[in-house]
$ cat input35.json   # JSON, C-alpha atoms (C1' of nucleotides)
[["chain", "number", "residue", "atom", "x", "y", "z"],
["A", 442, "MET", "CA", -16.78, 16.80, -11.55],
["A", 443, "ALA", "CA", -16.36, 13.14, -12.13],
["A", 444, "GLY", "CA", -13.78, 12.58, -14.84],
["A", 445, "GLU", "CA", -13.39, 9.50, -16.91],
["A", 446, "ALA", "CA", -10.42, 7.22, -17.20],
["A", 447, "GLU", "CA", -7.63, 9.22, -18.74],
["A", 448, "ALA", "CA", -5.90, 8.28, -21.93],
["A", 449, "PRO", "CA", -2.44, 6.76, -21.69],
["A", 450, "PRO", "CA", 0.24, 9.44, -21.37],
["A", 451, "PRO", "CA", 2.20, 10.56, -24.43],
["A", 452, "GLU", "CA", 5.60, 9.03, -25.02],
["A", 453, "GLU", "CA", 7.18, 12.32, -24.07],
["A", 454, "THR", "CA", 5.67, 12.13, -20.61],
["A", 455, "LEU", "CA", 6.89, 8.59, -20.13],
["A", 456, "SER", "CA", 10.44, 9.54, -21.04],
["A", 457, "PHE", "CA", 10.26, 12.47, -18.64],
["A", 458, "TRP", "CA", 9.04, 10.15, -15.90],
["A", 459, "LYS", "CA", 11.88, 7.77, -16.62],
["A", 460, "ARG", "CA", 14.40, 10.59, -16.31],
["A", 461, "GLU", "CA", 12.84, 11.63, -13.02],
["A", 462, "GLN", "CA", 13.08, 8.10, -11.69],
["A", 463, "ALA", "CA", 16.71, 7.87, -12.75],
["A", 464, "ARG", "CA", 17.51, 11.21, -11.14],
["A", 465, "LEU", "CA", 15.82, 10.39, -7.82],
["A", 466, "LYS", "CA", 17.12, 6.84, -7.77],
["A", 467, "ALA", "CA", 20.60, 8.20, -7.13],
["A", 468, "LEU", "CA", 19.33, 9.52, -3.80],
["A", 469, "VAL", "CA", 17.95, 6.22, -2.49],
["A", 470, "VAL", "CA", 19.67, 4.79, 0.56],
["A", 471, "VAL", "CA", 19.55, 1.01, 0.61],
["A", 472, "GLY", "CA", 20.50, -0.06, 4.10],
["A", 473, "ASP", "CA", 19.76, 0.58, 7.75],
["A", 474, "THR", "CA", 20.18, 4.11, 9.02],
["A", 475, "GLU", "CA", 18.35, 3.83, 12.36],
["A", 476, "ALA", "CA", 19.33, 1.97, 15.53],
["A", 477, "TRP", "CA", 15.98, 0.14, 15.87],
["A", 478, "GLN", "CA", 16.42, -1.39, 12.45],
["A", 479, "ARG", "CA", 19.47, -3.28, 13.69],
["A", 480, "ASP", "CA", 17.73, -4.61, 16.77],
["A", 481, "ALA", "CA", 16.22, -8.08, 16.41],
["A", 482, "ALA", "CA", 13.16, -7.01, 18.40],
["A", 483, "LEU", "CA", 12.98, -3.58, 16.75],
["A", 484, "SER", "CA", 13.49, -1.98, 20.16],
["A", 485, "GLY", "CA", 13.15, 1.76, 19.89],
["A", 486, "LEU", "CA", 10.49, 1.58, 17.20],
["A", 487, "ARG", "CA", 7.37, 3.37, 18.46],
["A", 488, "ARG", "CA", 5.49, 4.69, 15.43],
["A", 489, "VAL", "CA", 4.88, 3.07, 12.05],
["A", 490, "GLY", "CA", 3.03, 4.86, 9.28],
["A", 491, "GLY", "CA", 0.93, 3.46, 6.47],
["A", 492, "VAL", "CA", -0.32, 5.12, 3.29],
["A", 493, "ASP", "CA", -2.86, 4.22, 0.66],
["A", 494, "VAL", "CA", -5.01, 5.74, -2.04],
["A", 495, "SER", "CA", -8.54, 4.47, -2.67],
["A", 496, "PHE", "CA", -10.69, 5.37, -5.64],
["A", 497, "VAL", "CA", -14.27, 6.38, -6.27],
["A", 498, "LYS", "CA", -15.75, 3.50, -8.25],
["A", 499, "GLY", "CA", -17.04, 4.93, -11.49],
["A", 500, "ASP", "CA", -14.57, 7.79, -11.43],
["A", 501, "GLY", "CA", -11.08, 7.93, -12.88],
["A", 502, "VAL", "CA", -10.16, 11.12, -11.07],
["A", 503, "ARG", "CA", -11.54, 11.40, -7.56],
["A", 504, "ALA", "CA", -9.79, 9.45, -4.83],
["A", 505, "CYS", "CA", -8.97, 9.50, -1.14],
["A", 506, "ALA", "CA", -5.37, 9.61, 0.00],
["A", 507, "SER", "CA", -4.79, 8.50, 3.55],
["A", 508, "LEU", "CA", -1.94, 8.45, 6.01],
["A", 509, "VAL", "CA", -2.22, 6.68, 9.32],
["A", 510, "VAL", "CA", 0.28, 6.28, 12.14],
["A", 511, "LEU", "CA", 0.18, 3.27, 14.44],
["A", 512, "SER", "CA", 1.94, 2.72, 17.75],
["A", 513, "TYR", "CA", 4.42, -0.11, 17.86],
["A", 514, "PRO", "CA", 4.24, -2.84, 18.96],
["A", 515, "GLU", "CA", 0.59, -2.28, 19.97],
["A", 516, "LEU", "CA", -0.45, -1.45, 16.42],
["A", 517, "GLU", "CA", -3.09, 1.02, 17.51],
["A", 518, "VAL", "CA", -3.99, 3.95, 15.29],
["A", 519, "VAL", "CA", -2.79, 7.21, 16.85],
["A", 520, "TYR", "CA", -3.19, 9.47, 13.84],
["A", 521, "GLU", "CA", -5.32, 9.53, 10.72],
["A", 522, "ASP", "CA", -5.53, 11.88, 7.79],
["A", 523, "CYS", "CA", -7.92, 11.25, 4.91],
["A", 524, "CYS", "CA", -8.05, 13.69, 2.03],
["A", 525, "MET", "CA", -10.19, 13.75, -1.12],
["A", 526, "VAL", "CA", -7.98, 14.52, -4.09],
["A", 527, "SER", "CA", -8.25, 14.79, -7.86],
["A", 528, "LEU", "CA", -5.79, 12.53, -9.60],
["A", 529, "THR", "CA", -4.11, 13.93, -12.67],
["A", 530, "ALA", "CA", -1.84, 11.16, -13.90],
["A", 531, "PRO", "CA", -3.25, 7.86, -15.15],
["A", 532, "TYR", "CA", -2.08, 4.54, -13.76],
["A", 533, "VAL", "CA", 0.75, 3.06, -15.76],
["A", 534, "SER", "CA", 2.54, 0.00, -14.47],
["A", 535, "GLY", "CA", 6.02, 1.06, -13.46],
["A", 536, "PHE", "CA", 4.95, 4.66, -12.88],
["A", 537, "LEU", "CA", 2.53, 4.34, -10.00],
["A", 538, "ALA", "CA", 4.31, 7.03, -8.02],
["A", 539, "PHE", "CA", 3.50, 9.77, -10.49],
["A", 540, "ARG", "CA", -0.19, 9.09, -9.88],
["A", 541, "GLU", "CA", -0.21, 8.75, -6.12],
["A", 542, "VAL", "CA", 2.93, 10.10, -4.51],
["A", 543, "PRO", "CA", 2.21, 13.86, -4.67],
["A", 544, "PHE", "CA", -0.80, 13.41, -2.38],
["A", 545, "LEU", "CA", 1.12, 11.21, 0.02],
["A", 546, "VAL", "CA", 3.88, 13.79, 0.25],
["A", 547, "ASP", "CA", 1.20, 16.38, 1.04],
["A", 548, "ALA", "CA", -0.13, 14.19, 3.82],
["A", 549, "VAL", "CA", 3.33, 13.82, 5.34],
["A", 550, "ARG", "CA", 3.79, 17.57, 5.17],
["A", 551, "ARG", "CA", 0.50, 18.17, 6.99],
["A", 552, "LEU", "CA", 1.54, 15.71, 9.67],
["A", 553, "ARG", "CA", 4.90, 17.40, 10.15],
["A", 554, "GLU", "CA", 3.20, 20.76, 10.49],
["A", 555, "LYS", "CA", 0.35, 19.81, 12.79],
["A", 556, "GLU", "CA", 1.59, 16.84, 14.80],
["A", 557, "PRO", "CA", 5.37, 16.67, 14.53],
["A", 558, "ARG", "CA", 5.53, 14.37, 17.54],
["A", 559, "LEU", "CA", 3.52, 11.76, 15.66],
["A", 560, "VAL", "CA", 5.71, 11.63, 12.56],
["A", 561, "PRO", "CA", 6.38, 7.90, 11.99],
["A", 562, "GLN", "CA", 9.85, 6.40, 12.09],
["A", 563, "VAL", "CA", 9.08, 4.39, 8.99],
["A", 564, "LEU", "CA", 6.33, 4.20, 6.36],
["A", 565, "LEU", "CA", 4.82, 1.06, 4.88],
["A", 566, "VAL", "CA", 3.79, 1.75, 1.31],
["A", 567, "ASP", "CA", 1.26, -0.11, -0.79],
["A", 568, "GLY", "CA", 3.43, -1.10, -3.76],
["A", 569, "ASN", "CA", 7.06, -1.89, -4.49],
["A", 570, "GLY", "CA", 10.38, -0.34, -3.59],
["A", 571, "VAL", "CA", 13.49, -1.42, -5.45],
["A", 572, "LEU", "CA", 11.57, -4.40, -6.81],
["A", 573, "HIS", "CA", 10.79, -2.40, -9.92],
["A", 574, "HIS", "CA", 11.58, -2.22, -13.61],
["A", 575, "ARG", "CA", 14.11, 0.53, -13.04],
["A", 576, "GLY", "CA", 14.77, -0.15, -9.36],
["A", 577, "PHE", "CA", 12.68, 2.80, -8.24],
["A", 578, "GLY", "CA", 9.14, 1.93, -7.20],
["A", 579, "VAL", "CA", 6.67, 4.11, -5.30],
["A", 580, "ALA", "CA", 8.17, 3.24, -1.91],
["A", 581, "CYS", "CA", 11.57, 4.55, -3.01],
["A", 582, "HIS", "CA", 9.97, 7.59, -4.57],
["A", 583, "LEU", "CA", 8.05, 8.52, -1.43],
["A", 584, "GLY", "CA", 11.11, 7.79, 0.71],
["A", 585, "VAL", "CA", 13.35, 10.12, -1.23],
["A", 586, "LEU", "CA", 10.78, 12.92, -1.37],
["A", 587, "THR", "CA", 10.04, 12.77, 2.37],
["A", 588, "ASP", "CA", 13.41, 11.52, 3.60],
["A", 589, "LEU", "CA", 11.56, 8.94, 5.70],
["A", 590, "PRO", "CA", 12.54, 5.26, 5.84],
["A", 591, "CYS", "CA", 10.07, 3.44, 3.59],
["A", 592, "VAL", "CA", 9.20, -0.17, 2.85],
["A", 593, "GLY", "CA", 7.38, -1.43, -0.21],
["A", 594, "VAL", "CA", 4.68, -4.03, 0.47],
["A", 595, "ALA", "CA", 3.01, -5.44, -2.64],
["A", 596, "LYS", "CA", 0.24, -8.01, -2.77],
["A", 597, "LYS", "CA", 1.18, -9.22, -6.23],
["A", 598, "LEU", "CA", 4.51, -10.01, -7.79],
["A", 599, "LEU", "CA", 5.73, -7.41, -10.24],
["A", 600, "GLN", "CA", 7.68, -9.45, -12.71],
["A", 601, "VAL", "CA", 10.91, -7.70, -13.36],
["A", 602, "ASP", "CA", 14.50, -8.68, -14.13],
["A", 603, "GLY", "CA", 13.25, -11.82, -15.77],
["A", 604, "LEU", "CA", 11.65, -12.84, -12.50],
["A", 605, "GLU", "CA", 8.79, -15.08, -13.36],
["A", 606, "ASN", "CA", 5.75, -16.05, -11.40],
["A", 607, "ASP", "CA", 6.15, -19.54, -12.76],
["A", 608, "ALA", "CA", 5.93, -23.01, -11.28],
["A", 609, "GLN", "CA", 9.36, -22.50, -9.71],
["A", 610, "HIS", "CA", 8.24, -19.39, -7.91],
["A", 611, "LYS", "CA", 4.97, -20.96, -6.82],
["A", 612, "GLU", "CA", 6.87, -23.92, -5.43],
["A", 613, "LYS", "CA", 9.03, -21.63, -3.30],
["A", 614, "ILE", "CA", 5.87, -20.03, -1.93],
["A", 615, "ARG", "CA", 4.38, -23.42, -1.21],
["A", 616, "LEU", "CA", 7.49, -24.30, 0.78],
["A", 617, "LEU", "CA", 7.05, -21.34, 3.13],
["A", 618, "GLN", "CA", 5.84, -22.86, 6.37],
["A", 619, "ALA", "CA", 5.26, -20.62, 9.38],
["A", 620, "GLY", "CA", 4.27, -17.00, 9.46],
["A", 621, "GLY", "CA", 7.50, -15.06, 9.16],
["A", 622, "ASP", "CA", 9.10, -17.51, 6.77],
["A", 623, "SER", "CA", 10.44, -15.83, 3.68],
["A", 624, "PHE", "CA", 12.82, -16.04, 0.79],
["A", 625, "PRO", "CA", 14.51, -12.97, -0.69],
["A", 626, "LEU", "CA", 11.37, -12.04, -2.56],
["A", 627, "ALA", "CA", 8.38, -13.19, -0.60],
["A", 628, "LEU", "CA", 7.18, -13.14, 2.99],
["A", 629, "LYS", "CA", 4.53, -15.33, 4.53],
["A", 630, "SER", "CA", 2.74, -12.89, 6.81],
["A", 631, "HIS", "CA", 1.22, -15.49, 9.10],
["A", 632, "ASP", "CA", 0.89, -19.24, 9.55],
["A", 633, "ARG", "CA", -2.26, -19.79, 7.53],
["A", 634, "SER", "CA", -1.83, -17.45, 4.64],
["A", 635, "SER", "CA", -1.07, -19.07, 1.28],
["A", 636, "ARG", "CA", -0.49, -15.89, -0.65],
["A", 637, "PRO", "CA", 2.72, -14.09, 0.31],
["A", 638, "LEU", "CA", 3.57, -10.43, 0.49],
["A", 639, "TYR", "CA", 6.31, -9.01, -1.69],
["A", 640, "VAL", "CA", 8.50, -6.84, 0.51],
["A", 641, "SER", "CA", 11.22, -4.62, -0.87],
["A", 642, "VAL", "CA", 13.43, -1.80, 0.32],
["A", 643, "GLY", "CA", 12.05, 1.65, -0.26],
["A", 644, "HIS", "CA", 14.53, 3.97, 1.44],
["A", 645, "LYS", "CA", 16.83, 4.03, 4.47],
["A", 646, "ILE", "CA", 16.32, 0.42, 5.53],
["A", 647, "SER", "CA", 17.80, -2.98, 4.75],
["A", 648, "LEU", "CA", 15.75, -5.81, 3.30],
["A", 649, "GLU", "CA", 16.27, -7.84, 6.46],
["A", 650, "ALA", "CA", 14.89, -5.08, 8.65],
["A", 651, "ALA", "CA", 12.10, -4.40, 6.17],
["A", 652, "VAL", "CA", 10.96, -8.01, 6.34],
["A", 653, "ARG", "CA", 11.25, -8.12, 10.15],
["A", 654, "LEU", "CA", 9.28, -4.89, 10.42],
["A", 655, "THR", "CA", 6.57, -5.99, 8.02],
["A", 656, "ARG", "CA", 6.20, -9.27, 9.84],
["A", 657, "GLY", "CA", 5.98, -7.38, 13.12],
["A", 658, "CYS", "CA", 3.09, -5.32, 11.79],
["A", 659, "CYS", "CA", 0.97, -8.26, 10.61],
["A", 660, "ARG", "CA", -2.13, -9.10, 12.60],
["A", 661, "PHE", "CA", -3.63, -10.28, 9.32],
["A", 662, "ARG", "CA", -2.17, -10.83, 5.88],
["A", 663, "ILE", "CA", -1.87, -7.15, 5.10],
["A", 664, "PRO", "CA", 0.30, -5.26, 7.60],
["A", 665, "GLU", "CA", -1.85, -3.11, 9.90],
["A", 666, "PRO", "CA", -0.52, 0.31, 8.85],
["A", 667, "VAL", "CA", -1.36, -0.29, 5.20],
["A", 668, "ARG", "CA", -4.55, -2.14, 6.04],
["A", 669, "GLN", "CA", -5.82, 0.66, 8.27],
["A", 670, "ALA", "CA", -4.93, 3.28, 5.68],
["A", 671, "ASP", "CA", -6.90, 1.27, 3.12],
["A", 672, "ILE", "CA", -9.93, 0.71, 5.35],
["A", 673, "ARG", "CA", -10.10, 4.32, 6.45],
["A", 674, "SER", "CA", -9.66, 5.82, 2.99],
["A", 675, "ARG", "CA", -12.48, 3.62, 1.68],
["A", 676, "ASP", "CA", -14.74, 4.54, 4.59],
["A", 677, "TYR", "CA", -13.99, 8.17, 3.98],
["A", 678, "ILE", "CA", -15.08, 7.84, 0.36],
["A", 679, "ARG", "CA", -18.24, 6.06, 1.47],
["A", 680, "ARG", "CA", -19.10, 8.84, 3.93],
["A", 681, "THR", "CA", -18.27, 11.52, 1.38],
["A", 682, "LEU", "CA", -20.50, 10.02, -1.31],
["A", 683, "ALA", "CA", -23.33, 9.60, 1.18],
["A", 684, "ALA", "CA", -23.14, 13.21, 2.32],
["A", 685, "PRO", "CA", -25.86, 15.55, 0.93],
["A", 686, "GLU", "CA", -23.40, 18.37, 0.36],
["A", 687, "PRO", "CA", -20.26, 16.45, -0.72],
["A", 688, "PRO", "CA", -17.38, 18.84, -1.36],
["A", 689, "THR", "CA", -17.08, 22.49, -2.19],
["A", 690, "PRO", "CA", -16.99, 23.56, -5.86],
["A", 691, "ALA", "CA", -13.96, 25.79, -6.31],
["A", 692, "GLN", "CA", -11.77, 25.00, -3.34],
["A", 693, "GLU", "CA", -10.39, 21.82, -4.84],
["A", 694, "ARG", "CA", -7.42, 23.82, -6.04],
["A", 695, "SER", "CA", -5.92, 23.69, -2.58],
["A", 696, "GLN", "CA", -6.66, 19.97, -2.24],
["A", 697, "LYS", "CA", -7.90, 20.59, 1.24],
["A", 698, "ALA", "CA", -7.87, 17.85, 3.80],
["A", 699, "GLN", "CA", -10.29, 16.71, 6.45],
["A", 700, "GLY", "CA", -8.37, 18.13, 9.36],
["A", 701, "PRO", "CA", -5.70, 15.62, 10.26],
["A", 702, "LYS", "CA", -6.81, 14.05, 13.47],
["A", 703, "VAL", "CA", -5.26, 12.36, 16.39],
["A", 704, "CYS", "CA", -7.29, 9.23, 16.98],
["A", 705, "PRO", "CA", -7.82, 7.66, 20.38],
["A", 706, "LYS", "CA", -9.14, 4.36, 19.19],
["A", 707, "GLY", "CA", -11.11, 2.62, 16.51],
["A", 708, "GLY", "CA", -12.84, -0.66, 15.72],
["A", 709, "SER", "CA", -13.17, -2.45, 12.42],
["A", 710, "LYS", "CA", -14.30, -5.71, 10.93],
["A", 711, "GLU", "CA", -11.74, -8.43, 10.66],
["A", 712, "PRO", "CA", -10.99, -10.49, 7.58],
["A", 713, "GLU", "CA", -11.42, -14.22, 7.39],
["A", 714, "GLY", "CA", -9.90, -17.24, 5.74],
["A", 715, "GLU", "CA", -6.35, -16.87, 4.56],
["A", 716, "ASP", "CA", -6.36, -13.22, 5.45],
["A", 717, "ARG", "CA", -6.97, -14.03, 9.05],
["A", 718, "PRO", "CA", -4.38, -15.56, 11.34],
["A", 719, "PRO", "CA", -5.30, -18.43, 13.66],
["A", 720, "GLU", "CA", -7.07, -17.57, 16.90],
["A", 721, "ALA", "CA", -4.83, -17.04, 19.87],
["A", 722, "HIS", "CA", -4.84, -20.22, 21.95],
["A", 723, "SER", "CA", -4.53, -19.69, 25.65],
["B", 239, "DG", "C1'", -0.57, -12.96, -31.94],
["B", 240, "DC", "C1'", 0.95, -13.64, -26.93],
["B", 241, "DG", "C1'", 1.97, -12.46, -22.39],
["B", 242, "DA", "C1'", 2.22, -9.13, -18.79],
["B", 243, "DC", "C1'", -0.21, -5.79, -16.02],
["B", 244, "DA", "C1'", 2.55, -2.71, -8.29],
["B", 245, "DG", "C1'", -2.26, 0.39, -7.50],
["C", 1280, "DA", "C1'", -7.90, 0.09, -7.99],
["C", 1281, "DT", "C1'", -13.29, -1.56, -8.32],
["C", 1282, "DC", "C1'", -17.64, -5.07, -8.59],
["C", 1283, "DT", "C1'", -19.48, -7.21, -2.50],
["C", 1284, "DT", "C1'", -22.91, -9.30, 2.77],
["C", 1285, "DG", "C1'", -23.48, -12.65, 4.92],
["C", 1286, "DT", "C1'", -21.83, -16.75, 5.91],
["C", 1287, "DC", "C1'", -19.51, -21.50, 6.27],
["C", 1288, "DG", "C1'", -15.66, -23.46, 8.81],
["C", 1289, "DC", "C1'", -11.82, -24.09, 12.33]]
$ encode --input "input35.json" --output "structure tokens"
Amino acid sequence: MAGEAEAPPPEETLSFWKREQARLKALVVVGDTEAWQRDAALSGLRRVGGVDVSFVKGDGVRACASLVVLSYPELEVVYEDCCMVSLTAPYVSGFLAFREVPFLVDAVRRLREKEPRLVPQVLLVDGNGVLHHRGFGVACHLGVLTDLPCVGVAKKLLQVDGLENDAQHKEKIRLLQAGGDSFPLALKSHDRSSRPLYVSVGHKISLEAAVRLTRGCCRFRIPEPVRQADIRSRDYIRRTLAAPEPPTPAQERSQKAQGPKVCPKGGSKEPEGEDRPPEAHS
DNA sequence: GCGACAG
DNA sequence: ATCTTGTCGC
């Protein structure tokens, strides 16, 4: 049933989470491990994954976790897996992974079992990597648990290490000119976007490659893998809520998924304004 | 009391 | 994260 927003976790849980982050942080690989990451054109990169978790509006528990895989450089969805889940941990800034990562790991496991040929060479994660209070954001967490290269892509700046979203920072953003321009913290995803993306290393990739990859995945402000995962997880929730016989009562224990599917194609609405890049002039 | 707050 | 469809502009 629909649960309410959970209470903040006890101090004991937070200290346990911190110990877990410290333990797993030692396993993070910051730097390129794959040949395509070293190539300026990312030659050799064929599949990029994206993950996201969307929530049911008035519900603090039910959500849809999704994993999509896109071809590169075409950026067409070749795999999609949406799964209704019951969240257990509440959202606490700095501990996002403990709320979302278990379901993303499950999705990766299903993909490896059912469509091993479609396992992505890298995952774009909604959130931060090493740009984190303790240097271990959700992108690092997912990377270590799956051993897949991961990149953190956040839409807002997480202020850490005394980093401030002050006038100084805003001025640096204002100075970004063309799509692709970036400074160590922020990337302008395309020519007409004023709000940047905050890209950070998750696992098994360098910041330079992470930024190049993210840029290469941007048709709009939000990189396609993450954007498609977001769109599809929200649509899945919409369809689920509209269905007369939503889920099954007692089978939620196994957190069953809507059979992972290999998708031929798909159409979706396109954003406007700053989220939309300029039309292609011919 | 004030500021910060990934999703 | 969520509340939100069509619509004005280049």
$ closest_residue --input "input35.json" --among "A:Gln669, A:Ser647, A:Asn569, A:Ser674" --to "Gly472 in chain A" --atoms "all atoms listed in the file"
A:Ser647
$ atom_distance --input "input35.json" --atom1 "CA of Arg675 in chain A" --atom2 "CA of Ser495 in chain A"
5.9 Å
$ interface_residues --input "input35.json" --of "chain B" --to "chain A" --cutoff "10 Å" --atoms "only C-alpha atoms (C1' of nucleotides)" --output "NGL selection string"
:B and (242-245)
$ closest_atom_pairs --input "input35.json" --of "chain C" --to "chain A" --cutoff "12 Å" --atoms "all atoms listed in the file" --output "Markdown table"
| residue | atom | partner | partner_atom | distance |
| --- | --- | --- | --- | --- |
| C:DA1280 | C1' | A:Phe496 | CA | 6.4 |
| C:DT1281 | C1' | A:Lys498 | CA | 5.6 |
| C:DC1282 | C1' | A:Lys498 | CA | 8.8 |
| C:DT1286 | C1' | A:Glu713 | CA | 10.8 |
| C:DC1287 | C1' | A:Gly714 | CA | 10.5 |
| C:DG1288 | C1' | A:Gly714 | CA | 9.0 |
| C:DC1289 | C1' | A:Pro719 | CA | 8.7 |
$ atom_distance --input "input35.json" --atom1 "CA of Glu475 in chain A" --atom2 "CA of Leu559 in chain A"
17.1 Å
$ atom_distance --input "input35.json" --atom1 "CA of Leu465 in chain A" --atom2 "CA of Glu605 in chain A"
27.0 Å
$ residues_around --input "input35.json" --residues "Pro531 in chain A" --least-positions-apart "3" --cutoff "8 Å" --atoms "only C-alpha atoms (C1' of nucleotides)" --output "short mmCIF file (atom, residue, chain, number, x, y, z; two decimals) with C-alpha atoms, in the coordinates of the input"
data_model
loop_
_atom_site.label_atom_id
_atom_site.label_comp_id
_atom_site.auth_asym_id
_atom_site.auth_seq_id
_atom_site.Cartn_x
_atom_site.Cartn_y
_atom_site.Cartn_z
CA ALA A 446 -10.42 7.22 -17.20
CA GLU A 447 -7.63 9.22 -18.74
CA ALA A 448 -5.90 8.28 -21.93
CA PRO A 449 -2.44 6.76 -21.69
CA PRO A 450 0.24 9.44 -21.37
CA LEU A 528 -5.79 12.53 -9.60
CA ARG A 540 -0.19 9.09 -9.88
#
$ closest_residue --input "input35.json" --among "A:Leu552, A:Leu628, A:Leu508, A:Leu583" --to "Glu649 in chain A" --atoms "all atoms listed in the file"
A:Leu628
$ closest_residue --input "input35.json" --among "A:Val519, A:Leu626, A:Ala506, A:Leu483" --to "Lys613 in chain A" --atoms "only C-alpha atoms"
A:Leu626
$ residues_around --input "input35.json" --residues "Asp588 in chain A" --least-positions-apart "2" --cutoff "10 Å" --atoms "all atoms listed in the file" --output "compact mmCIF listing (two decimals) with C-alpha atoms, keeping the file's coordinate frame"
# COMPACT_ATOMS: atom_id res chain seq x y z
CA LEU A 468 19.33 9.52 -3.80
CA VAL A 469 17.95 6.22 -2.49
CA VAL A 470 19.67 4.79 0.56
CA VAL A 563 9.08 4.39 8.99
CA CYS A 581 11.57 4.55 -3.01
CA HIS A 582 9.97 7.59 -4.57
CA LEU A 583 8.05 8.52 -1.43
CA GLY A 584 11.11 7.79 0.71
CA VAL A 585 13.35 10.12 -1.23
CA LEU A 586 10.78 12.92 -1.37
CA PRO A 590 12.54 5.26 5.84
CA CYS A 591 10.07 3.44 3.59
CA HIS A 644 14.53 3.97 1.44
CA LYS A 645 16.83 4.03 4.47
$ build_atoms --input "input35.json" --residues "range 475-480 of chain A" --atoms "all heavy atoms" --output "compact mmCIF listing (two decimals), in the coordinates of the input"
# COMPACT_ATOMS: atom_id res chain seq x y z
N GLU A 475 18.86 3.59 11.01
CA GLU A 475 18.35 3.83 12.36
C GLU A 475 18.72 2.66 13.28
O GLU A 475 18.78 1.51 12.83
CB GLU A 475 16.83 3.96 12.35
CG GLU A 475 16.29 4.88 11.26
CD GLU A 475 16.80 6.31 11.40
OE1 GLU A 475 16.72 6.84 12.53
OE2 GLU A 475 17.28 6.87 10.41
N ALA A 476 18.93 2.98 14.56
CA ALA A 476 19.33 1.97 15.53
C ALA A 476 18.29 0.84 15.65
O ALA A 476 18.66 -0.34 15.70
CB ALA A 476 19.57 2.61 16.89
N TRP A 477 17.01 1.18 15.68
CA TRP A 477 15.98 0.14 15.87
C TRP A 477 15.96 -0.88 14.75
O TRP A 477 15.53 -2.02 14.93
CB TRP A 477 14.60 0.79 16.04
CG TRP A 477 14.13 1.62 14.88
CD1 TRP A 477 14.24 2.98 14.74
CD2 TRP A 477 13.48 1.15 13.68
NE1 TRP A 477 13.70 3.38 13.54
CE2 TRP A 477 13.23 2.28 12.87
CE3 TRP A 477 13.08 -0.10 13.23
CZ2 TRP A 477 12.60 2.19 11.62
CZ3 TRP A 477 12.46 -0.20 11.99
CH2 TRP A 477 12.23 0.94 11.19
N GLN A 478 16.44 -0.47 13.58
CA GLN A 478 16.42 -1.39 12.45
C GLN A 478 17.41 -2.53 12.65
O GLN A 478 17.23 -3.63 12.12
CB GLN A 478 16.76 -0.62 11.17
CG GLN A 478 15.73 0.46 10.84
CD GLN A 478 16.19 1.41 9.73
OE1 GLN A 478 17.39 1.57 9.50
NE2 GLN A 478 15.24 2.04 9.06
N ARG A 479 18.44 -2.27 13.43
CA ARG A 479 19.47 -3.28 13.69
C ARG A 479 19.09 -4.21 14.83
O ARG A 479 19.69 -5.26 15.01
CB ARG A 479 20.80 -2.59 14.05
CG ARG A 479 21.43 -1.82 12.91
CD ARG A 479 22.04 -2.79 11.92
NE ARG A 479 22.77 -2.09 10.86
CZ ARG A 479 23.27 -2.71 9.80
NH1 ARG A 479 23.12 -4.01 9.67
NH2 ARG A 479 23.92 -2.03 8.89
N ASP A 480 18.14 -3.81 15.62
CA ASP A 480 17.73 -4.61 16.77
C ASP A 480 16.76 -5.71 16.35
O ASP A 480 15.77 -5.44 15.65
CB ASP A 480 17.07 -3.70 17.81
CG ASP A 480 16.80 -4.45 19.10
OD1 ASP A 480 15.79 -5.19 19.15
OD2 ASP A 480 17.61 -4.31 20.03
